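Asks: Can you read through this structure? Questions will come right after.
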There are 2 protein chains.
Amino acid sequence: MPRGSVDMNFLFTLGELARLVRAYADKQAARYGITRAQWAVLAKVERTEGLKQSELAELMEMQPITLTRLIDRLCDNGWIERRSDDTDRRVNRLYLRKAARPLLGKLGGLRSELTATALEGINPADAHRMLGQLEAIKENVRNAIQNPAGEPPRKEQRVG
Amino acid sequence: MPRGSVDMNFLFTLGELARLVRAYADKQAARYGITRAQWAVLAKVERTEGLKQSELAELMEMQPITLTRLIDRLCDNGWIERRSDDTDRRVNRLYLRKAARPLLGKLGGLRSELTATALEGINPADAHRMLGQLEAIKENVRNAIQNPAGEPPRKEQRVG
DNA sequence: TCATATTCATAAGCTAGCTTATTATATCCA
DNA sequence: TGGATATAATAAGCTAGCTTATGAATATGA
């Protein structure tokens with residue numbers, strides 16, 4: 001196993017874990033008539049109302065078209081709404097609707113439950129450190145995507 | 001933040017990281033004409049030739065029908081083959097074909113590259129511990145899926 | 001022994017990712 | 001002023017997850 005952890009099975013373990021967690025969270029969230037992906041969008045809108053779709057997509061590390069579909073569903077259910085921008089007619093800005101409030105309350109509880117289940121037996125300090133490492137890895141991968149090896153870094157990076 | 005780490009944003013951070021890593025790995029693997037999901041299957045078959053599809057699906061925490069489609073692609077490309085079982089005509093067993101060998105060699109190198117990129121700046125001991133924690137979380141979630149809260153554990157668990 | 005239940009693989013149809021292309025609107029600058 | 005370029009959202013069509021349903025083969029048990 002040359003060079004330390006290089007040959008660890010990190011890639012596939014992460015994929016399998018994400019698959020399991022997604023299946024579990026989707027099943028639980030289905031009680032409230034929402035999917036995990038839609039829930040993630042709703043939760044972000046709650047914290048940052050008034051964003052453009054493109055800004056939100058960037059925040060969530062997701063392509064704008066993927067977000068468009070999720071927003072369609074959330075609007076269909078009356079949880080959020082698109083409002084057109086005063087000065088740029090291309091833009092939609094996203095706002096919560098009243099109907100989302102009770103749902104968001106329940107989802108908050110569910111999030112705590114799911115997190116507690118997943119992290120059971122791991123002490124809080126370790127869990128915290130692990131979360132920090134996951135964020136660091138996210139940053140590494142984001143940089144790798146934006147500055148592919150062998151190419152000079154582009155100016156005007158979105159992530160500074 | 002009551003009760004330690006319960007309200008950490010573990011759920012969505014994991015989802016975003018998995019999305020980023022998948023996008024990156026897919027883009028790199030595309031150089032060899034394969035996707036990350038197909039690659040994961042191929043790598044498992046390499047390590048455990050002769051498994052039934054249903055056994056492999058269980059190993060990979062994935063539904064049999066999802067696996068069926070991935071196997072279809074791998075067979076189309078001539079990298080693996082389904083062989084029927086001598087004693088049970090319902091069963092397909094999976095074997096590598098010669099054509100997979102050079103590909104597997106290249107993919108091994110790619111895996112090391114991707115892992116090194118993702119884990120850059122994290123020391124090997126920490127990375128190792130983190131991987132162990134991810135496995136522990138996987139186990140927690142698997143148990144939660146199989147023994148939903150409020151129901152008695154079913155006998156004949158698949159994961160014992 | 002034969003009806004019932006289980007298992008294996010797959011089909012149909014859904015969500016959620018992606019890339020590439022399109023349309024409408026803004027911006028830039030010559 | 002007006003043509004090229006850039007940006008916002010969406011469409012089309014792909015992969016990979018899922019649930020539910022189905023057909024074939026096997027196992028079980030009265």
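Going by the structure tokens order, chains are called A, B, ..., each with residues numbered from 1, while ligands are numbered from 1 in the order shown.
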Please identify the strand (DSSP E) residues within stretch 86-131 of chain B (assignment by DSSP from backbone atoms) and present them as number ranges by chain.

Replies: B: 92-96

Asks: Quick one: everything within 12 Å of B:Gly108, counting only C-alpha atoms (C1' of nucleotides), minus sequence neighbours fewer than 5 positions away in the same chain. Send it as an mmCIF file with C-alpha atoms, in the first residue's frame.

Replies:
```
data_model
loop_
_atom_site.group_PDB
_atom_site.id
_atom_site.type_symbol
_atom_site.label_atom_id
_atom_site.label_comp_id
_atom_site.auth_asym_id
_atom_site.auth_seq_id
_atom_site.Cartn_x
_atom_site.Cartn_y
_atom_site.Cartn_z
ATOM 1 C CA VAL A 6 -3.758 6.404 -1.314
ATOM 2 C CA ASP A 7 -5.120 2.954 -1.929
ATOM 3 C CA MET A 8 -7.840 3.008 0.678
ATOM 4 C CA ASN A 9 -11.230 2.170 -0.619
ATOM 5 C CA LEU A 11 -14.259 6.161 -3.269
ATOM 6 C CA ALA B 29 -13.671 7.335 -15.668
ATOM 7 C CA TYR B 32 -11.956 4.704 -20.320
ATOM 8 C CA TRP B 39 -16.676 0.496 -12.414
ATOM 9 C CA ALA B 40 -17.785 -0.343 -8.872
ATOM 10 C CA LEU B 42 -16.577 -4.501 -12.268
ATOM 11 C CA ALA B 43 -14.203 -4.091 -9.338
ATOM 12 C CA GLU B 46 -12.848 -8.920 -10.002
ATOM 13 C CA ARG B 101 -7.834 -7.000 -17.639
ATOM 14 C CA PRO B 102 -6.161 -3.992 -19.218
ATOM 15 C CA LEU B 103 -9.058 -1.796 -18.208
ATOM 16 C CA GLU B 113 -5.249 9.249 -8.159
ATOM 17 C CA LEU B 114 -8.788 10.119 -7.193
ATOM 18 C CA THR B 115 -8.312 9.023 -3.615
#
```

Asks: Find the residues near C:DT10: any atom within 12 Å, counting only C-alpha atoms (C1' of nucleotides), skip ones fewer than 3 places away on the same chain, and give them as a short mmCIF file (atom, residue, chain, number, x, y, z; two decimals) with N, CA and C atoms (P, O5', C5', C4', C3', O3' and C1' of nucleotides), in the first residue's frame.

Replies:
```cif
data_model
loop_
_atom_site.label_atom_id
_atom_site.label_comp_id
_atom_site.auth_asym_id
_atom_site.auth_seq_id
_atom_site.Cartn_x
_atom_site.Cartn_y
_atom_site.Cartn_z
N GLN B 53 -26.09 -12.73 -9.06
CA GLN B 53 -26.44 -11.32 -9.09
C GLN B 53 -27.03 -10.86 -7.76
N PRO B 64 -31.49 -5.41 -6.63
CA PRO B 64 -31.13 -6.30 -7.73
C PRO B 64 -31.43 -5.70 -9.11
N ILE B 65 -32.51 -4.98 -9.21
CA ILE B 65 -32.86 -4.44 -10.53
C ILE B 65 -31.88 -3.37 -10.99
N THR B 66 -31.37 -2.59 -10.01
CA THR B 66 -30.36 -1.59 -10.34
C THR B 66 -29.11 -2.28 -10.88
N LEU B 67 -28.73 -3.36 -10.20
CA LEU B 67 -27.55 -4.09 -10.62
C LEU B 67 -27.74 -4.71 -12.00
N THR B 68 -28.92 -5.22 -12.26
CA THR B 68 -29.20 -5.84 -13.56
C THR B 68 -28.81 -4.92 -14.72
N ARG B 69 -29.22 -3.66 -14.59
CA ARG B 69 -28.94 -2.71 -15.68
C ARG B 69 -27.45 -2.46 -15.85
N ASP B 72 -25.90 -5.36 -17.52
CA ASP B 72 -26.21 -5.32 -18.96
C ASP B 72 -25.13 -4.54 -19.72
N ARG B 90 -32.54 -20.56 -12.35
CA ARG B 90 -32.90 -19.15 -12.19
C ARG B 90 -31.66 -18.26 -12.13
P DA D 21 -47.67 -3.67 -6.71
"O5'" DA D 21 -47.21 -4.39 -8.04
"C5'" DA D 21 -47.27 -3.67 -9.28
"C4'" DA D 21 -46.84 -4.60 -10.41
"C3'" DA D 21 -47.43 -6.01 -10.33
"O3'" DA D 21 -47.75 -6.42 -11.65
"C1'" DA D 21 -45.09 -6.14 -10.39
P DT D 22 -48.62 -7.76 -11.91
"O5'" DT D 22 -47.62 -8.64 -12.78
"C5'" DT D 22 -46.65 -7.99 -13.62
"C4'" DT D 22 -45.77 -9.05 -14.25
"C3'" DT D 22 -46.33 -10.47 -14.18
"O3'" DT D 22 -46.09 -11.11 -15.41
"C1'" DT D 22 -44.21 -10.42 -13.18
P DG D 23 -46.76 -12.53 -15.74
"O5'" DG D 23 -45.47 -13.39 -16.08
"C5'" DG D 23 -44.41 -12.83 -16.86
"C4'" DG D 23 -43.29 -13.84 -16.90
"C3'" DG D 23 -43.78 -15.28 -16.93
"O3'" DG D 23 -42.84 -16.03 -17.69
"C1'" DG D 23 -42.58 -14.91 -14.94
P DA D 24 -43.14 -17.56 -18.05
"O5'" DA D 24 -41.91 -18.30 -17.38
"C5'" DA D 24 -40.59 -17.79 -17.58
"C4'" DA D 24 -39.69 -18.39 -16.53
"C3'" DA D 24 -39.88 -19.90 -16.34
"O3'" DA D 24 -38.61 -20.49 -16.51
"C1'" DA D 24 -39.93 -18.76 -14.25
#
```

Asks: Among chain A, which ones does DSSP assign to alpha helix (DSSP H) (computed from the backbone)? Answer as a PyMOL selection string.

Replies: chain A and resi 10-29+36-47+53-59+64-76+100-118+124-146

Asks: Quick check: residues of chain C within 9 Å of chain B, only C-alpha atoms (C1' of nucleotides), returned as a PyMOL selection string.

Replies: chain C and resi 7-10+17-18

Asks: If you count only C-alpha atoms (C1' of nucleotides), which residues fall within 12 Å of B:Met130, apart from same-chain ones fewer than 6 positions away, as a list in words?

Replies: Ser5, Met8, Asn9, Phe10, Thr13, Leu14, Ile122, Asp126, Ala127, His128, Arg129, Met130, Leu131, Gly132, Gln133, Leu134 and Ile137 of chain A; Leu119, Ile122, Asn123, Pro124, Ala136 and Ile137 of chain B

Asks: Quick one: write out the picked residues with C-alpha atoms as an mmCIF file, in the first residue's frame?

Replies:
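Everything below was put into out.cif:
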```
data_model
loop_
_atom_site.group_PDB
_atom_site.id
_atom_site.type_symbol
_atom_site.label_atom_id
_atom_site.label_comp_id
_atom_site.auth_asym_id
_atom_site.auth_seq_id
_atom_site.Cartn_x
_atom_site.Cartn_y
_atom_site.Cartn_z
ATOM 1 C CA SER A 5 -3.756 6.045 2.442
ATOM 2 C CA MET A 8 -7.840 3.008 0.678
ATOM 3 C CA ASN A 9 -11.230 2.170 -0.619
ATOM 4 C CA PHE A 10 -12.539 5.612 0.048
ATOM 5 C CA THR A 13 -17.221 3.231 0.508
ATOM 6 C CA LEU A 14 -18.433 6.786 0.234
ATOM 7 C CA ILE A 122 -19.604 7.891 17.656
ATOM 8 C CA ASP A 126 -15.187 12.591 16.743
ATOM 9 C CA ALA A 127 -18.349 13.281 14.802
ATOM 10 C CA HIS A 128 -17.465 16.926 14.673
ATOM 11 C CA ARG A 129 -13.990 16.258 13.437
ATOM 12 C CA MET A 130 -15.290 13.885 10.830
ATOM 13 C CA LEU A 131 -17.708 16.490 9.526
ATOM 14 C CA GLY A 132 -14.816 18.921 9.243
ATOM 15 C CA GLN A 133 -12.848 16.376 7.249
ATOM 16 C CA LEU A 134 -15.760 15.799 4.920
ATOM 17 C CA ILE A 137 -12.586 16.735 1.092
ATOM 18 C CA LEU B 119 -7.731 13.168 0.756
ATOM 19 C CA ILE B 122 -5.486 14.865 5.565
ATOM 20 C CA ASN B 123 -2.884 12.731 7.244
ATOM 21 C CA PRO B 124 -3.094 8.997 6.678
ATOM 22 C CA ALA B 136 -19.610 2.335 11.364
ATOM 23 C CA ILE B 137 -22.222 4.771 10.098
#
```

Asks: For atom CA of B:Ile145 and atom CA of B:Leu20, determine how far apart the two atoms are, in Å to one decimal place.

Replies: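 Atom CA of B:Leu20 lies at a distance of 25.4 Å from atom CA of B:Ile145.
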
Asks: Select, as an MDAnalysis selection string, those residues of chain D with any atom no more than 12 Å from chain A (distances computed using only C-alpha atoms (C1' of nucleotides)).

Replies: chainID D and resid 7:12 16:19

Asks: Mind writing the picked residues with C-alpha atoms (C1' of nucleotides) as a CSV table (one decimal), in the first residue's frame?

Replies:
```csv
chain,number,residue,atom,x,y,z
D,7,DT,C1',-26.1,34.8,-18.4
D,8,DA,C1',-30.7,32.7,-16.5
D,9,DA,C1',-33.8,29.3,-17.0
D,10,DT,C1',-35.4,25.5,-19.3
D,11,DA,C1',-35.8,21.3,-22.7
D,12,DA,C1',-34.2,16.8,-24.4
D,16,DA,C1',-28.4,5.3,-12.0
D,17,DG,C1',-31.1,5.0,-8.0
D,18,DC,C1',-35.8,3.4,-6.3
D,19,DT,C1',-40.7,0.7,-5.8
```

Asks: Counting only C-alpha atoms (C1' of nucleotides), what is within 12 Å of A:Ile80, bar same-chain residues fewer than 3 positions away, as a PyMOL selection string?

Replies: chain A and resi 38-39+41-46+49-50+70-77+83+92-101+103-104

Asks: As an exercise, work out the distance from atom CA of A:Leu56 to atom CA of A:Asp86 in Å and give it to one decimal place.

Replies: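 That distance, rounded to one decimal, is 18.6 Å.
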